[in-house]
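With TSV, C-alpha atoms and all ligand atoms inside, this is start.tsv:
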```
chain	number	residue	atom	x	y	z
A	1	MET	CA	0.00	0.00	0.00
A	2	GLU	CA	1.34	3.49	-0.87
A	3	ASN	CA	1.99	5.85	2.03
A	4	ALA	CA	0.16	9.17	2.14
A	5	ARG	CA	2.06	12.08	0.59
A	6	SER	CA	4.41	13.87	2.98
A	7	ARG	CA	3.04	17.28	4.01
A	8	GLU	CA	6.27	18.72	5.31
A	9	LEU	CA	10.00	18.16	5.16
A	10	VAL	CA	11.83	18.13	8.49
A	11	CYS	CA	15.36	19.57	8.28
A	12	GLY	CA	17.35	19.87	11.51
A	13	GLY	CA	14.80	21.84	13.51
A	14	ARG	CA	13.28	23.62	10.51
A	15	LEU	CA	10.02	22.59	8.92
A	16	LEU	CA	9.39	23.14	5.23
A	17	PRO	CA	5.72	23.01	4.19
A	18	LEU	CA	5.02	20.98	1.07
A	19	ASP	CA	1.69	22.58	0.18
A	20	ARG	CA	3.39	24.73	-2.50
A	21	PRO	CA	6.48	24.17	-4.66
A	22	LEU	CA	9.72	25.05	-2.86
A	23	VAL	CA	12.72	26.74	-4.45
A	24	MET	CA	16.32	25.72	-3.68
A	25	GLY	CA	18.92	28.30	-4.79
A	26	VAL	CA	22.34	27.02	-5.96
A	27	LEU	CA	25.57	28.48	-4.53
A	28	ASN	CA	28.66	26.69	-5.85
A	29	ILE	CA	31.88	27.59	-4.03
A	30	THR	CA	34.05	26.07	-6.74
A	31	PRO	CA	36.38	27.19	-9.52
A	32	ASP	CA	34.83	24.81	-12.06
A	33	SER	CA	31.04	24.39	-11.69
A	34	PHE	CA	29.44	24.33	-15.10
A	35	SER	CA	27.48	27.56	-14.76
A	36	ASP	CA	28.60	29.53	-11.69
A	37	GLY	CA	32.18	28.23	-11.27
A	38	GLY	CA	34.57	30.93	-10.01
A	39	ARG	CA	31.77	33.32	-9.02
A	40	PHE	CA	32.29	32.75	-5.27
A	41	TRP	CA	35.74	31.14	-5.21
A	42	GLN	CA	39.07	32.82	-5.89
A	43	GLY	CA	41.44	30.48	-4.07
A	44	LYS	CA	39.25	31.02	-1.01
A	45	PRO	CA	35.53	31.63	-0.59
A	46	ASP	CA	34.51	35.18	-1.51
A	47	LEU	CA	32.31	35.56	1.56
A	48	GLY	CA	31.11	39.06	0.67
A	49	ALA	CA	29.91	37.95	-2.78
A	50	VAL	CA	28.34	34.75	-1.52
A	51	ARG	CA	26.54	36.54	1.30
A	52	ALA	CA	25.18	39.17	-1.09
A	53	ALA	CA	23.96	36.48	-3.50
A	54	ALA	CA	22.48	34.38	-0.69
A	55	SER	CA	20.65	37.36	0.85
A	56	ALA	CA	19.25	38.27	-2.57
A	57	MET	CA	18.04	34.69	-3.08
A	58	VAL	CA	16.34	34.69	0.34
A	59	ALA	CA	14.74	38.09	-0.33
A	60	ALA	CA	13.48	36.74	-3.65
A	61	GLY	CA	11.81	33.80	-1.92
A	62	ALA	CA	14.30	30.92	-1.77
A	63	ASP	CA	13.24	28.25	0.74
A	64	LEU	CA	16.60	26.48	0.70
A	65	LEU	CA	20.15	27.35	-0.35
A	66	ASP	CA	22.35	24.52	-1.62
A	67	ILE	CA	26.05	25.10	-0.91
A	68	GLY	CA	28.45	22.97	-2.96
A	69	GLY	CA	32.24	22.65	-2.76
A	70	GLU	CA	32.71	20.07	-5.53
A	71	SER	CA	31.53	20.26	-9.12
A	72	THR	CA	29.73	17.09	-10.14
A	73	ARG	CA	29.37	18.02	-13.80
A	74	PRO	CA	30.23	15.18	-16.22
A	75	GLY	CA	33.97	14.55	-16.29
A	76	ALA	CA	34.73	16.68	-13.20
A	77	GLU	CA	37.83	15.82	-11.17
A	78	PRO	CA	37.02	14.70	-7.60
A	79	VAL	CA	37.93	17.23	-4.89
A	80	ASP	CA	39.88	16.25	-1.76
A	81	PRO	CA	37.51	16.38	1.27
A	82	GLN	CA	39.90	18.74	3.11
A	83	GLU	CA	39.70	21.17	0.21
A	84	GLU	CA	35.92	20.77	0.04
A	85	LEU	CA	35.73	21.60	3.76
A	86	ARG	CA	37.75	24.77	3.17
A	87	ARG	CA	35.19	25.83	0.58
A	88	VAL	CA	31.96	24.94	2.39
A	89	VAL	CA	32.36	25.48	6.14
A	90	PRO	CA	33.21	29.23	6.10
A	91	VAL	CA	30.20	29.81	3.85
A	92	LEU	CA	27.87	27.90	6.18
A	93	GLU	CA	29.14	30.02	9.07
A	94	ALA	CA	28.72	33.24	7.08
A	95	LEU	CA	25.10	32.38	6.20
A	96	ALA	CA	24.05	30.97	9.59
A	97	ASP	CA	21.88	33.97	10.51
A	98	LEU	CA	19.80	33.92	7.31
A	99	ASP	CA	16.22	32.75	7.72
A	100	VAL	CA	16.52	29.89	5.26
A	101	CYS	CA	17.22	26.18	5.19
A	102	LEU	CA	20.93	25.59	4.46
A	103	SER	CA	21.69	22.50	2.40
A	104	VAL	CA	25.17	21.13	1.75
A	105	ASP	CA	25.80	19.33	-1.54
A	106	THR	CA	28.42	16.69	-0.69
A	107	ARG	CA	29.20	12.99	-1.15
A	108	ARG	CA	31.91	12.94	1.54
A	109	ALA	CA	31.25	11.90	5.13
A	110	ALA	CA	33.97	14.20	6.54
A	111	VAL	CA	32.36	17.19	4.85
A	112	ALA	CA	28.88	16.13	5.93
A	113	ARG	CA	30.06	15.74	9.53
A	114	ALA	CA	31.56	19.25	9.54
A	115	ALA	CA	28.42	20.62	7.90
A	116	VAL	CA	26.27	19.19	10.71
A	117	GLN	CA	28.59	20.89	13.24
A	118	ALA	CA	28.46	24.18	11.33
A	119	GLY	CA	24.67	24.35	11.43
A	120	ALA	CA	23.51	22.90	8.09
A	121	HIS	CA	19.88	21.78	7.89
A	122	LEU	CA	19.98	19.32	5.00
A	123	LEU	CA	22.54	17.00	3.37
A	124	ASN	CA	22.25	16.72	-0.40
A	125	ASP	CA	24.14	13.63	-1.56
A	126	VAL	CA	24.28	13.15	-5.34
A	127	SER	CA	25.40	9.55	-4.73
A	128	GLY	CA	22.27	8.77	-2.70
A	129	PHE	CA	23.96	7.97	0.65
A	130	ARG	CA	25.53	4.81	-0.83
A	131	ASP	CA	28.57	5.32	1.41
A	132	PRO	CA	27.78	3.68	4.79
A	133	GLU	CA	29.72	6.47	6.54
A	134	MET	CA	27.55	9.13	4.89
A	135	MET	CA	24.50	7.19	6.02
A	136	ALA	CA	25.85	7.05	9.58
A	137	VAL	CA	26.51	10.81	9.68
A	138	LEU	CA	22.95	11.43	8.54
A	139	ALA	CA	21.46	8.91	10.99
A	140	ASP	CA	23.38	10.48	13.90
A	141	SER	CA	21.94	13.90	13.05
A	142	ASP	CA	18.43	15.33	12.73
A	143	LEU	CA	19.09	16.87	9.31
A	144	GLY	CA	16.98	16.47	6.22
A	145	ALA	CA	18.41	14.52	3.29
A	146	CYS	CA	18.14	14.72	-0.47
A	147	VAL	CA	18.68	11.23	-1.91
A	148	MET	CA	19.68	11.48	-5.56
A	149	HIS	CA	20.17	8.85	-8.25
A	150	MET	CA	23.44	8.94	-10.16
A	151	ARG	CA	24.75	6.22	-12.48
A	152	GLY	CA	28.38	5.59	-11.46
A	153	ASP	CA	30.38	8.71	-10.59
A	154	PRO	CA	30.76	12.14	-12.23
A	155	GLN	CA	33.96	11.15	-14.05
A	156	SER	CA	32.36	8.24	-15.90
A	157	MET	CA	28.61	8.73	-15.69
A	158	GLN	CA	28.04	10.09	-19.21
A	159	VAL	CA	30.05	7.31	-20.88
A	160	ASN	CA	27.37	5.41	-22.78
A	161	PRO	CA	24.54	5.42	-20.22
A	162	VAL	CA	22.15	2.55	-20.98
A	163	TYR	CA	18.95	1.57	-19.17
A	164	ALA	CA	16.36	-1.08	-20.04
A	165	ASP	CA	13.70	1.10	-18.38
A	166	VAL	CA	15.10	4.23	-16.77
A	167	VAL	CA	12.04	5.05	-14.64
A	168	THR	CA	11.79	1.53	-13.20
A	169	GLU	CA	15.54	1.40	-12.51
A	170	VAL	CA	15.74	4.81	-10.85
A	171	ARG	CA	12.65	4.05	-8.78
A	172	ALA	CA	14.19	0.74	-7.63
A	173	PHE	CA	17.39	2.54	-6.60
A	174	LEU	CA	15.48	5.22	-4.67
A	175	ALA	CA	13.24	2.63	-2.98
A	176	ASP	CA	16.32	0.65	-1.93
A	177	ARG	CA	18.01	3.76	-0.49
A	178	VAL	CA	14.84	4.83	1.38
A	179	HIS	CA	14.63	1.35	2.89
A	180	ALA	CA	18.32	1.38	3.92
A	181	LEU	CA	18.04	4.86	5.44
A	182	GLN	CA	14.93	3.95	7.38
A	183	GLN	CA	16.66	0.80	8.66
A	184	ALA	CA	19.51	3.07	9.81
A	185	GLY	CA	17.02	5.16	11.79
A	186	VAL	CA	16.34	8.11	9.47
A	187	GLU	CA	12.65	9.07	9.65
A	188	ARG	CA	10.86	9.33	6.31
A	189	ARG	CA	9.72	12.90	7.00
A	190	ARG	CA	13.40	13.94	6.66
A	191	LEU	CA	13.72	12.59	3.11
A	192	VAL	CA	13.34	14.10	-0.34
A	193	LEU	CA	14.07	12.09	-3.50
A	194	ASP	CA	15.70	13.21	-6.74
A	195	PRO	CA	15.98	11.40	-10.11
A	196	GLY	CA	19.31	13.17	-10.79
A	197	ILE	CA	18.66	14.86	-14.12
A	198	GLY	CA	21.83	14.65	-16.24
A	199	PHE	CA	23.69	12.31	-13.88
A	200	GLY	CA	24.45	9.36	-16.18
A	201	LYS	CA	21.46	10.01	-18.43
A	202	ARG	CA	20.94	10.98	-22.05
A	203	LEU	CA	18.25	13.43	-23.14
A	204	GLU	CA	15.75	10.60	-23.71
A	205	HIS	CA	16.35	9.34	-20.14
A	206	ASN	CA	15.94	12.82	-18.64
A	207	VAL	CA	12.69	13.32	-20.56
A	208	ALA	CA	11.36	9.93	-19.45
A	209	LEU	CA	12.22	10.67	-15.80
A	210	LEU	CA	10.49	14.05	-15.86
A	211	ARG	CA	7.41	12.67	-17.58
A	212	GLY	CA	7.39	9.69	-15.21
A	213	LEU	CA	8.20	11.72	-12.09
A	214	GLU	CA	5.10	10.65	-10.17
A	215	ALA	CA	6.16	6.99	-10.51
A	216	LEU	CA	9.32	7.85	-8.52
A	217	ARG	CA	7.35	8.99	-5.46
A	218	VAL	CA	8.46	6.11	-3.23
A	219	GLU	CA	6.35	5.97	-0.05
A	220	GLY	CA	4.69	9.32	-0.80
A	221	LEU	CA	7.99	11.18	-0.33
A	222	PRO	CA	8.59	14.63	-1.81
A	223	LEU	CA	10.51	14.95	-5.08
A	224	LEU	CA	13.28	17.41	-5.98
A	225	VAL	CA	14.25	18.22	-9.56
A	226	GLY	CA	17.41	20.02	-10.68
A	227	VAL	CA	17.35	20.87	-14.37
A	228	SER	CA	18.41	24.54	-14.23
A	229	ARG	CA	20.82	25.51	-17.07
A	230	LYS	CA	21.71	21.85	-17.65
A	231	ARG	CA	22.83	20.24	-20.89
A	232	MET	CA	19.29	18.98	-21.43
A	233	ILE	CA	18.11	22.59	-21.81
A	234	GLY	CA	20.96	23.22	-24.25
A	235	GLU	CA	20.14	20.08	-26.26
A	236	ILE	CA	16.51	21.14	-26.69
A	237	THR	CA	17.03	24.89	-27.28
A	238	GLY	CA	20.50	24.96	-28.86
A	239	ARG	CA	21.50	27.63	-26.30
A	240	ALA	CA	24.83	28.06	-24.47
A	241	VAL	CA	24.86	27.79	-20.64
A	242	GLU	CA	24.55	31.57	-20.14
A	243	ASP	CA	21.45	31.73	-22.37
A	244	ARG	CA	19.38	29.00	-20.75
A	245	LEU	CA	17.19	31.09	-18.41
A	246	ALA	CA	13.96	30.86	-20.43
A	247	GLY	CA	14.46	27.13	-21.02
A	248	SER	CA	15.21	26.59	-17.32
A	249	LEU	CA	12.06	28.47	-16.24
A	250	ALA	CA	9.91	26.46	-18.62
A	251	ALA	CA	11.49	23.22	-17.39
A	252	ALA	CA	10.92	24.18	-13.72
A	253	LEU	CA	7.23	24.88	-14.40
A	254	VAL	CA	6.81	21.62	-16.28
A	255	ALA	CA	8.62	19.70	-13.52
A	256	VAL	CA	6.25	21.16	-10.93
A	257	GLY	CA	3.34	20.21	-13.17
A	258	PHE	CA	4.66	16.65	-13.26
A	259	GLY	CA	4.86	16.55	-9.44
A	260	ALA	CA	8.16	18.16	-8.30
A	261	ASP	CA	7.88	19.53	-4.76
A	262	VAL	CA	11.27	21.29	-4.83
A	263	VAL	CA	13.11	22.82	-7.80
A	264	ARG	CA	16.87	23.39	-7.55
A	265	VAL	CA	17.71	26.51	-9.56
A	266	HIS	CA	20.41	29.10	-10.24
A	267	ASP	CA	17.92	31.91	-11.00
A	268	VAL	CA	15.79	32.16	-7.87
A	269	ALA	CA	13.93	35.46	-8.42
A	270	GLU	CA	12.88	34.51	-11.94
A	271	THR	CA	11.78	31.02	-10.85
A	272	VAL	CA	9.77	32.37	-7.92
A	273	ASP	CA	7.97	34.78	-10.30
A	274	ALA	CA	7.23	31.97	-12.74
A	275	LEU	CA	5.84	29.78	-9.95
A	276	ARG	CA	3.73	32.68	-8.62
A	277	ILE	CA	2.13	33.07	-12.04
A	278	ARG	CA	1.53	29.32	-12.23
A	279	ASN	CA	-0.03	29.34	-8.78
A	280	ALA	CA	-2.24	32.39	-9.41
A	281	LEU	CA	-3.54	30.99	-12.69
A	282	SER	CA	-4.11	27.46	-11.48
A	283	SER	CA	-7.78	26.53	-11.53
A	284	ALA	CA	-7.97	26.35	-7.73
A	285	ASN	CA	-6.78	29.95	-7.25
A	286	ALA	CA	-7.87	31.78	-10.41
A	287	ARG	CA	-11.19	32.86	-8.86
A	288	ALA	CA	-9.39	34.86	-6.15
A	289	LEU	CA	-7.63	37.15	-8.66
B	1	LIG	N1	22.71	18.96	-9.89
B	1	LIG	C1	23.95	19.44	-9.72
B	1	LIG	C2	24.56	19.40	-8.45
B	1	LIG	N2	23.89	18.92	-7.38
B	1	LIG	N3	21.95	17.98	-6.43
B	1	LIG	C3	20.70	17.49	-6.57
B	1	LIG	N4	20.04	17.02	-5.53
B	1	LIG	N5	20.08	17.49	-7.79
B	1	LIG	C4	20.68	17.96	-8.93
B	1	LIG	O1	20.07	17.90	-10.02
B	1	LIG	C5	22.02	18.46	-8.80
B	1	LIG	C6	22.63	18.45	-7.51
B	1	LIG	C7	24.70	20.00	-10.89
B	1	LIG	O2	24.48	21.38	-11.01
B	1	LIG	P1	25.46	22.52	-10.46
B	1	LIG	O3	25.60	22.44	-8.98
B	1	LIG	O4	24.99	23.83	-10.95
B	1	LIG	O5	26.84	22.25	-11.18
B	1	LIG	P2	28.23	21.61	-10.71
B	1	LIG	O6	27.96	20.17	-10.34
B	1	LIG	O7	29.11	21.75	-11.92
B	1	LIG	O8	28.75	22.38	-9.53
```

Represent the structure contained in this file as structure tokens.
Ligand code: HH2
Amino acid sequence: MENARSRELVCGGRLLPLDRPLVMGVLNITPDSFSDGGRFWQGKPDLGAVRAAASAMVAAGADLLDIGGESTRPGAEPVDPQEELRRVVPVLEALADLDVCLSVDTRRAAVARAAVQAGAHLLNDVSGFRDPEMMAVLADSDLGACVMHMRGDPQSMQVNPVYADVVTEVRAFLADRVHALQQAGVERRRLVLDPGIGFGKRLEHNVALLRGLEALRVEGLPLLVGVSRKRMIGEITGRAVEDRLAGSLAAALVAVGFGADVVRVHDVAETVDALRIRNALSSANARAL
């Protein structure tokens, strides 16, 4: 029997309501992220720039900020956890007073452990907490967790990705991880699931996952989609990374229509506006205009 849909996401003492789509703003503290690499990192975190960008995202309506210290774009070189710590922890400390849920995008247990100490609210693991140590750090905390599907690792994931049925396979992976995390003591109300758009998937796989999003809702859990500025947008529109705003907004709206509860985006203000229009014009709310 399917569980009822989650109504809120519990993240380390913060509660996020799931009665409207949530927006997660991306802050990459890296030299090499595919769209904002180098914006907040010049050999050390540019805390002034990151704080200004974070405050603007919160003012524009971000519900979560996702802080990353390692690019996971296809072919990216892995980053030493000590280096990743140097990128992420000062930023967490600098943003601690903002009224927003702070997420840390990491696959490394040492970084996750430090993030818990530094006041993060959610751990976003693109490898789906496959590392038992990552799972233990999460289980020992009260943080929320984004469990994402990735085929292999960033270095190899785009080398000939093949699936017999991508939706069935990603769902099976997510169901397995949810089961393992619950066995480890992580309550389901702390979990959000993510198909991992572009992580070991071709365009046809990404399209199938978005269209089949509702089938990935294991145990009624909320779903997060990150498609902002990604190659998929470029493949459909023919646009370079810096010209993918319109495509990203359209994709976010469609993802929400297909059931996404959280959208992970680089352009927060524009996405919030687009979602406000969607909400105001939806049949349930149109009469109130
Ligand atoms: N996408 C990226 C990174 N982290 N986390 C989740 N949960 N879902 C995603 O789709 C996702 C993610 C890749 O985007 P970005 O952070 O902008 O780039 P890079 O990995 O190059 O830093």

Per-axis box centre and lengths in Å around stretch 199-204 of chain A, 8 Å margin per side, axis-aligned, as AutoDock Vina command-line options:
```
--center_x 20.1 --center_y 11.4 --center_z -18.8 --size_x 24.7 --size_y 20.1 --size_z 25.8
```

Nearest residue to A:Ala59 out of A:Val147, A:Val89, A:Ala269, A:Arg20, using only C-alpha atoms? A:Ala269

Looking at A:Gly68, A:Gly257, A:Gly144, A:Gly43, which one is nearest to ligand LIG 1 (chain B), with distances taken over only C-alpha atoms and all ligand atoms?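 Of A:Gly68, A:Gly257, A:Gly144, A:Gly43, the one nearest ligand LIG 1 (chain B) is A:Gly68, counting only C-alpha atoms and all ligand atoms.
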
List the neighbours of A:Val256 out to 10 Å using all atoms listed in the file; skip same-chain residues closer than 6 positions along the sequence, and give me the result as a PyMOL selection string. chain A and resi 20-22+210+213+223-225+262-263+275+278

Environment of ligand LIG 1 (chain B) within 6 Å, counting all atoms listed in the file, reported as an MDAnalysis selection string: chainID A and resid 28 33:35 71:73 124 126 146 148 194 196:197 225:227

I need the chosen residues saved as a JSON list (two decimals), in the coordinates of the input, with C-alpha atoms.
```json
[["chain", "number", "residue", "atom", "x", "y", "z"],
["A", 28, "ASN", "CA", 28.66, 26.69, -5.85],
["A", 33, "SER", "CA", 31.04, 24.39, -11.69],
["A", 34, "PHE", "CA", 29.44, 24.33, -15.10],
["A", 35, "SER", "CA", 27.48, 27.56, -14.76],
["A", 71, "SER", "CA", 31.53, 20.26, -9.12],
["A", 72, "THR", "CA", 29.73, 17.09, -10.14],
["A", 73, "ARG", "CA", 29.37, 18.02, -13.80],
["A", 124, "ASN", "CA", 22.25, 16.72, -0.40],
["A", 126, "VAL", "CA", 24.28, 13.15, -5.34],
["A", 146, "CYS", "CA", 18.14, 14.72, -0.47],
["A", 148, "MET", "CA", 19.68, 11.48, -5.56],
["A", 194, "ASP", "CA", 15.70, 13.21, -6.74],
["A", 196, "GLY", "CA", 19.31, 13.17, -10.79],
["A", 197, "ILE", "CA", 18.66, 14.86, -14.12],
["A", 225, "VAL", "CA", 14.25, 18.22, -9.56],
["A", 226, "GLY", "CA", 17.41, 20.02, -10.68],
["A", 227, "VAL", "CA", 17.35, 20.87, -14.37]]
```

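Note that the spacing between atom CA of A:Gly75 and atom CA of A:Gly238 amounts to 21.2 Å.
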
Nearest to A:Glu70 among A:Gly119, A:Gly185, A:Gly37, A:Gly247, with distances taken over only C-alpha atoms: which residue is it?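 Checking each candidate against A:Glu70, we get A:Gly37 as the closest.
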
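One distance worth recording is that between atom CA of A:Leu221 and atom CA of A:Val268, which is 23.6 Å.
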
Pick from A:Asp176, A:Asp142, A:Glu84, A:Asp19, whichever lies nearest to A:Gly259 using only C-alpha atoms: A:Asp19

Can you measure atom CA of A:Ser55 to atom CA of A:Leu123 for me? One decimal in Å is fine.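 Taking atom CA of A:Ser55 and atom CA of A:Leu123, their separation equals 20.6 Å.
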
Non-local contacts of A:Glu219 (8 Å; all atoms listed in the file; under 2 positions in same chain excluded) as a list in words: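 Answer for this query is Glu2, Asn3, Ala4, Arg5, Arg217 and Leu221 of chain A.
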
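Shortest separation to A:Arg87 among A:Leu249, A:Val111, A:Val26, A:Ala136 occurs at residue A:Val111, atoms counted being all atoms listed in the file.
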
Contact residues around stretch 186-189 of chain A with only C-alpha atoms at 8 Å, ignoring same-chain residues under 3 positions, as a PyMOL selection string: chain A and resi 6+8-10+138-139+178+181-183+221

Name the residues in contact with A:Leu65 at a cut-off of 8 Å, using all atoms listed in the file, excluding same-chain residues fewer than 2 positions from it; report them as a JSON list (two decimals) with C-alpha atoms, in the frame of the given file.
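Full text of selection31.json as output:
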```
[["chain", "number", "residue", "atom", "x", "y", "z"],
["A", 24, "MET", "CA", 16.32, 25.72, -3.68],
["A", 25, "GLY", "CA", 18.92, 28.30, -4.79],
["A", 26, "VAL", "CA", 22.34, 27.02, -5.96],
["A", 27, "LEU", "CA", 25.57, 28.48, -4.53],
["A", 54, "ALA", "CA", 22.48, 34.38, -0.69],
["A", 62, "ALA", "CA", 14.30, 30.92, -1.77],
["A", 63, "ASP", "CA", 13.24, 28.25, 0.74],
["A", 67, "ILE", "CA", 26.05, 25.10, -0.91],
["A", 100, "VAL", "CA", 16.52, 29.89, 5.26],
["A", 101, "CYS", "CA", 17.22, 26.18, 5.19],
["A", 102, "LEU", "CA", 20.93, 25.59, 4.46],
["A", 103, "SER", "CA", 21.69, 22.50, 2.40]]
```

Dump as a PyMOL selection string all residues having an atom at most 8 Å from (25.8, 7.4, -17.5), computed in the file's coordinates with all atoms listed in the file. chain A and resi 150-152+156-162+199-202
